[in-house]
Structures are given as C-alpha cells and as structure tokens.
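**Q** Mind looking over this structure? Questions follow.
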Amino acid sequence: MLKIEDLTVEVNGKTLLHDVNLEVQKGYTNVLFGPNGAGKSALMRTIMGFSEYRVVKGRILFNGEDITGLSVDERARRGLGIMMQRPPDMSGIKLKDLIKVLSKGKKNPEVLAENLDMTRFMDRDVNVGFSGGEIKRSELLQLAAQNPSLYLLDEPESGVDLVSIEQVGMTIKGLLEEGVNCPGESCEKGKSALIITHTGQILDYVKADRGYILCNGTIMCSGNPLKMLEEIKNRGYEECIKCRLMK
Ligand SMILES: Nc1ncnc2c1ncn2[C@@H]1O[C@H](COP(=O)(O)OP(=O)(O)OP(=O)(O)O)[C@@H](O)[C@H]1O
Ligand SMILES: [Mg+2]
C-alpha cells in the first residue's frame, strides 16, 4: 500500500533523511523505532506531504501511484491520515465543526467523541488549551472521523495517562481492524498503519507486523517489532548501529 524508495529529504538545506526504504502492505501495521532526533516525525510528515520537507531523491508510492509531488489534501483524499506528535492549535475552529467536515456524514461523530470521552470538548477551539492527553484524544477523534486507509500515528500514547491509554489503544485497535470481517477480498485485512512509539505501550493493544529502526535519518534494520523493542529496552540503539556499520 505504501512504498518508500530511496527517499532523501532536506529541510532548509539540511538533509534529515537519507535513502530511506520502507513498506507497509495492505492490512499491515508496521512500527518505526529510533532515538530522539532520528528523523521519525520528519519521515511521517514527508509521507503526508508537509511542504517544508523537500524530497531531493527517491519517491513515495501509495497504492501504486507516485504521490511524491502531491499536496497534503490530495494525499488525504487518497486515504492517508496523520496523528501528529505536536499538532497546532486552531484558534477560531471548533472541534465539532472540524469533525463535521472530516467525517462528511460517513461516520457518527457523536459516538466517536463519546468513546474517546471528548464530547465536552466539541464546542472548544481545536487543541487550544487542551492538555497533552486531551490533544492525543482530539487527534485520534479527527483521524477516526476522516477514516483513512493508512494511519500514520506519531507517538499516539506519549503523555497519555495509564487509564486513558486503554481508551486510546482500544480505539486505535478498533479503527485498524475495521472491515476485517466484512465480505470480499478488498476489505479482508482491515486498515494499514505506520506507528512511532518509544515505549511500545500501544503494542499491548495493536498487533504489529514489522519494525524498522531509524537512526540519523537512515533505516538501520527491520524485523520482528516485539523482539526489536526488547532489544532496544535491554541494549539501546547501539547494537543496531554497530550491526549496520559491519554490513
Ligand atoms: N523544519 C525543520 N527545520 C530544521 N530542523 C528540523 C526541522 N524539522 C526537523 N528538524 C530536525 O530534524 C531532526 C529530526 O527531527 P524529528 O522531529 O523527525 O525527530 P524524531 O525522530 O521524531 O525525534 P523524537 O523522538 O524526539 O520525536 C531533529 O534534529 C530536528 O531538529
Ligand atoms: Mg518525533
């Protein structure tokens, strides 16, 4: 569904990502690990098409189409959706109005809001004065309303308290599994996702298929995500970097 080929990206003349190759197949959930400042959010934001990230080499394919030159809204219309690590405040835009536009009547926003305990925020401006955990739930609500086919989730659990984490985890699980049991080939496997996590807490709720480790703007290795997480918890990222240098 998503294929990233030899992607090299610059911001203000500085190279943030070098020759990144990564794939997410339809119905699969892949995880992106890496230390602070590695370029994980930059990669997500480049996939979504934020204009400050300049692709100087390589391409991004989505469902076989080269989307490298498309704008954010064109990508969103094709089924890409992002939950940002630090989304902006939107003064003057009420959450309920944004949700209405995003859902285009397809979903039932009241039920989604209820499930995420966001009903009382619907009349407030998007993210303005929201706490860290409330911002995450607001982002998730927007994404659920948008109903993308590929979810880009940048640290969905960071800053979320231990009680709300279950709410967030179960909501993401539900969204990704949508369509799993519906008839027909095309919807057999549910939605696809690329998730950034430092703690792996989200993996208690969502089954991950493949993990990637990004260091210094380069993919160092890929493999079983749970084993990778264990390795990172025990030994940090050093082993991965060493292994790459030996290749
Ligand atoms: N617009 C920008 N201008 C200049 N530097 C930038 C810009 N965006 C990102 N960077 C730099 O690129 C590097 C990667 O940033 P990024 O946010 O992708 O890291 P990350 O892997 O998501 O880290 P974290 O785990 O802390 O979220 C950082 O050093 C950051 O300061
Ligand atoms: Mg980040």
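Lettering and numbering for the structure tokens are positional, with chains as A, B, ... in the shown order, residues counted from 1 in each chain, and ligands counted from 1 in the shown order.
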Using only C-alpha atoms and all ligand atoms, tabulate the residues of chain A lying at most 10 Å from any atom of ligand 2, each with its closest atom pair and that distance in Å to one decimal, by chain and increasing residue number, as a tab-separated table.
**A**
residue	atom	partner	partner_atom_place_in_ligand_line	distance
A:Gly34	CA	ligand 2	1 (Mg)	9.2
A:Pro35	CA	ligand 2	1 (Mg)	9.1
A:Asn36	CA	ligand 2	1 (Mg)	6.9
A:Gly37	CA	ligand 2	1 (Mg)	7.0
A:Ala38	CA	ligand 2	1 (Mg)	8.1
A:Gly39	CA	ligand 2	1 (Mg)	7.0
A:Lys40	CA	ligand 2	1 (Mg)	5.4
A:Ser41	CA	ligand 2	1 (Mg)	4.1
A:Ala42	CA	ligand 2	1 (Mg)	7.3
A:Leu43	CA	ligand 2	1 (Mg)	9.1
A:Met44	CA	ligand 2	1 (Mg)	8.8
A:Arg45	CA	ligand 2	1 (Mg)	9.7
A:Met84	CA	ligand 2	1 (Mg)	8.6
A:Gln85	CA	ligand 2	1 (Mg)	6.1
A:Arg86	CA	ligand 2	1 (Mg)	8.5
A:Asp154	CA	ligand 2	1 (Mg)	6.7
A:Glu155	CA	ligand 2	1 (Mg)	7.4
A:Ile196	CA	ligand 2	1 (Mg)	7.8
A:Thr197	CA	ligand 2	1 (Mg)	9.1
A:His198	CA	ligand 2	1 (Mg)	9.7
**Q** Quick one: residues within 12 Å of region 78-83 of chain A, only C-alpha atoms, excluding same-chain residues fewer than 3 positions away - as a PDB file with C-alpha atoms, in the first residue's frame?
**A**
ATOM      1  CA  MET A   1       0.000   0.000   0.000  1.00  0.00           C
ATOM      2  CA  LEU A   2       2.831   2.389   0.974  1.00  0.00           C
ATOM      3  CA  SER A  41       8.461  12.595  12.657  1.00  0.00           C
ATOM      4  CA  LEU A  43       9.557  10.880   7.738  1.00  0.00           C
ATOM      5  CA  MET A  44       5.876  10.781   8.734  1.00  0.00           C
ATOM      6  CA  ARG A  45       5.432  14.434   7.797  1.00  0.00           C
ATOM      7  CA  THR A  46       7.157  13.875   4.457  1.00  0.00           C
ATOM      8  CA  ILE A  47       4.842  10.931   3.722  1.00  0.00           C
ATOM      9  CA  MET A  48       1.849  13.171   4.493  1.00  0.00           C
ATOM     10  CA  GLY A  49       3.287  15.896   2.243  1.00  0.00           C
ATOM     11  CA  PHE A  50       4.087  18.824   4.549  1.00  0.00           C
ATOM     12  CA  LEU A  61       4.188   5.283  -3.774  1.00  0.00           C
ATOM     13  CA  PHE A  62       0.676   4.865  -2.409  1.00  0.00           C
ATOM     14  CA  ASN A  63      -1.466   2.096  -3.873  1.00  0.00           C
ATOM     15  CA  GLY A  64       0.932   2.005  -6.809  1.00  0.00           C
ATOM     16  CA  GLU A  65       0.650   5.735  -7.551  1.00  0.00           C
ATOM     17  CA  ASP A  66       3.633   8.080  -7.221  1.00  0.00           C
ATOM     18  CA  ILE A  67       2.369  10.681  -4.714  1.00  0.00           C
ATOM     19  CA  LEU A  70       1.074  15.765  -4.357  1.00  0.00           C
ATOM     20  CA  SER A  71      -0.151  18.240  -1.756  1.00  0.00           C
ATOM     21  CA  VAL A  72      -1.331  17.265   1.742  1.00  0.00           C
ATOM     22  CA  ASP A  73      -5.016  17.486   0.824  1.00  0.00           C
ATOM     23  CA  GLU A  74      -4.535  15.392  -2.314  1.00  0.00           C
ATOM     24  CA  ARG A  75      -2.850  12.718  -0.191  1.00  0.00           C
ATOM     25  CA  ARG A  86       2.642  18.055  18.241  1.00  0.00           C
ATOM     26  CA  PRO A  87      -0.369  19.299  16.290  1.00  0.00           C
ATOM     27  CA  PRO A  88      -1.012  23.046  16.048  1.00  0.00           C
ATOM     28  CA  LEU A 102     -13.748  15.494   8.197  1.00  0.00           C
ATOM     29  CA  ILE A 135      -4.652  16.657  22.388  1.00  0.00           C
ATOM     30  CA  LYS A 136      -3.904  12.987  21.640  1.00  0.00           C
ATOM     31  CA  ARG A 137      -7.574  12.041  22.001  1.00  0.00           C
ATOM     32  CA  SER A 138      -8.605  15.040  19.896  1.00  0.00           C
ATOM     33  CA  GLU A 139      -6.163  13.994  17.146  1.00  0.00           C
ATOM     34  CA  LEU A 140      -7.475  10.443  17.258  1.00  0.00           C
ATOM     35  CA  LEU A 141     -11.059  11.643  17.042  1.00  0.00           C
ATOM     36  CA  GLN A 142     -10.212  13.733  13.960  1.00  0.00           C
ATOM     37  CA  LEU A 143      -8.473  10.765  12.363  1.00  0.00           C
ATOM     38  CA  ALA A 144     -11.351   8.412  13.140  1.00  0.00           C
ATOM     39  CA  ALA A 145     -13.742  10.895  11.520  1.00  0.00           C
ATOM     40  CA  GLN A 146     -11.509  11.165   8.459  1.00  0.00           C
ATOM     41  CA  ASN A 147     -11.427   7.363   8.197  1.00  0.00           C
ATOM     42  CA  PRO A 148      -8.177   6.997   6.205  1.00  0.00           C
ATOM     43  CA  SER A 149      -6.938   3.685   4.807  1.00  0.00           C
ATOM     44  CA  LEU A 150      -3.357   4.286   6.018  1.00  0.00           C
ATOM     45  CA  TYR A 151      -2.888   5.641   9.545  1.00  0.00           C
ATOM     46  CA  LEU A 152       0.349   7.472  10.331  1.00  0.00           C
ATOM     47  CA  LEU A 153       0.479   7.597  14.137  1.00  0.00           C
ATOM     48  CA  ASP A 154       3.290   9.649  15.658  1.00  0.00           C
ATOM     49  CA  GLU A 155       3.652   8.603  19.305  1.00  0.00           C
ATOM     50  CA  PRO A 156      -0.076   8.103  19.944  1.00  0.00           C
ATOM     51  CA  GLU A 157       0.462   7.100  23.579  1.00  0.00           C
ATOM     52  CA  SER A 158       3.004   9.672  24.719  1.00  0.00           C
ATOM     53  CA  ILE A 172      -6.764   2.513  17.526  1.00  0.00           C
ATOM     54  CA  LYS A 191      -6.569  -0.805   7.653  1.00  0.00           C
ATOM     55  CA  SER A 192      -2.817  -0.227   7.439  1.00  0.00           C
ATOM     56  CA  ALA A 193      -0.685   1.746   9.865  1.00  0.00           C
ATOM     57  CA  LEU A 194       2.781   3.080  10.497  1.00  0.00           C
ATOM     58  CA  ILE A 195       3.240   3.797  14.202  1.00  0.00           C
ATOM     59  CA  ILE A 196       6.047   5.610  16.009  1.00  0.00           C
TER      60      ILE A 196
END
**Q** Write down as a PyMOL selection string the residues belonging to region 8-237 of chain A that are assigned alpha helix (DSSP H) by DSSP computed on the backbone.
**A** chain A and resi 40-48+72-78+95-103+109-115+132-146+164-177+225-235
**Q** Can you pull out the residues contacting region 90-92 of chain A? Cut-off 9 Å, using only C-alpha atoms, and skip same-chain residues under 2 positions away; I want them as an mmCIF file with N, CA and C atoms, in the first residue's frame.
**A**
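Saved as around-v2.cif:
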data_model
loop_
_atom_site.group_PDB
_atom_site.id
_atom_site.type_symbol
_atom_site.label_atom_id
_atom_site.label_comp_id
_atom_site.auth_asym_id
_atom_site.auth_seq_id
_atom_site.Cartn_x
_atom_site.Cartn_y
_atom_site.Cartn_z
ATOM 1 N N PRO A 88 -0.839 21.624 15.722
ATOM 2 C CA PRO A 88 -1.012 23.046 16.048
ATOM 3 C C PRO A 88 -2.358 23.323 16.712
ATOM 4 N N LYS A 94 -13.984 25.336 15.895
ATOM 5 C CA LYS A 94 -14.498 24.447 16.941
ATOM 6 C C LYS A 94 -14.271 22.991 16.541
ATOM 7 N N ARG A 124 -15.182 23.555 21.978
ATOM 8 C CA ARG A 124 -13.955 24.337 22.183
ATOM 9 C C ARG A 124 -13.140 24.409 20.897
ATOM 10 N N ASP A 125 -12.256 25.419 20.813
ATOM 11 C CA ASP A 125 -11.380 25.541 19.648
ATOM 12 C C ASP A 125 -10.381 24.385 19.673
ATOM 13 N N VAL A 126 -10.079 23.862 18.472
ATOM 14 C CA VAL A 126 -9.252 22.657 18.356
ATOM 15 C C VAL A 126 -7.889 22.847 19.026
ATOM 16 N N ASN A 127 -7.648 22.022 20.015
ATOM 17 C CA ASN A 127 -6.362 21.939 20.736
ATOM 18 C C ASN A 127 -6.024 23.148 21.621
ATOM 19 N N VAL A 128 -6.796 24.228 21.533
ATOM 20 C CA VAL A 128 -6.440 25.427 22.302
ATOM 21 C C VAL A 128 -6.659 25.168 23.794
#
**Q** Would you please work out which residue, of A:Gly174, A:Gly190, A:Gly132, A:Gly217, is nearest to ligand 1 when using only C-alpha atoms and all ligand atoms?
**A**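 Nearest candidate to ligand 1 out of A:Gly174, A:Gly190, A:Gly132, A:Gly217: A:Gly217.
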**Q** Which residues are close to Met228 (chain A), i.e. within 9 Å by only C-alpha atoms, leaving aside same-chain residues fewer than 4 positions away? Reply as a list in words.
**A**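 Here the qualifying residues turn out to be Phe33, Gly211, Tyr212, Ile213, Ser222, Gly223, Asn224, Ile232 and Lys233 of chain A.
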**Q** Save the residues we just selected, C-alpha atoms, as a compact mmCIF listing (two decimals), in the first residue's frame?
**A**
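In the end it all went to selection-v5.txt:
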# COMPACT_ATOMS: atom_id res chain seq x y z
CA PHE A 33 11.57 2.99 16.33
CA GLY A 211 9.50 -2.99 12.87
CA TYR A 212 12.03 -0.53 11.45
CA ILE A 213 14.78 1.32 13.30
CA SER A 222 13.99 -4.10 10.12
CA GLY A 223 12.48 -7.19 11.69
CA ASN A 224 10.14 -8.54 14.34
CA ILE A 232 16.15 -1.61 22.46
CA LYS A 233 14.94 -1.80 26.08
**Q** Could you write out, as a ChimeraX atom specification, all the residues of region 48-174 of chain A that DSSP marks as strand (DSSP E or B)?
**A** /A:54-62,65-66,80-83,90-94,125-126,150-154
**Q** Keeping C-alpha atoms, export the residues of the selection given above as a short mmCIF file (atom, residue, chain, number, x, y, z; two decimals), in the first residue's frame.
**A**
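File produced: selection.cif:
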data_model
loop_
_atom_site.label_atom_id
_atom_site.label_comp_id
_atom_site.auth_asym_id
_atom_site.auth_seq_id
_atom_site.Cartn_x
_atom_site.Cartn_y
_atom_site.Cartn_z
CA ARG A 54 11.81 18.76 0.27
CA VAL A 55 12.26 15.39 -1.41
CA VAL A 56 15.57 15.62 -3.24
CA LYS A 57 15.79 11.95 -4.19
CA GLY A 58 13.53 8.90 -4.29
CA ARG A 59 9.77 8.60 -4.28
CA ILE A 60 6.70 7.71 -2.27
CA LEU A 61 4.19 5.28 -3.77
CA PHE A 62 0.68 4.87 -2.41
CA GLU A 65 0.65 5.73 -7.55
CA ASP A 66 3.63 8.08 -7.22
CA LEU A 80 -3.60 9.00 4.07
CA GLY A 81 -4.16 10.31 7.57
CA ILE A 82 -1.76 11.52 10.27
CA MET A 83 -1.89 11.84 14.04
CA MET A 90 -6.56 26.05 15.64
CA SER A 91 -8.00 29.22 17.13
CA GLY A 92 -11.46 30.03 15.84
CA ILE A 93 -12.23 26.47 14.69
CA LYS A 94 -14.50 24.45 16.94
CA ASP A 125 -11.38 25.54 19.65
CA VAL A 126 -9.25 22.66 18.36
CA LEU A 150 -3.36 4.29 6.02
CA TYR A 151 -2.89 5.64 9.54
CA LEU A 152 0.35 7.47 10.33
CA LEU A 153 0.48 7.60 14.14
CA ASP A 154 3.29 9.65 15.66
#
**Q** Report, in Å to a single decimal, how far apart CA of Leu95 (chain A) and CA of Met122 (chain A) are.
**A**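 The value is 4.9 Å.
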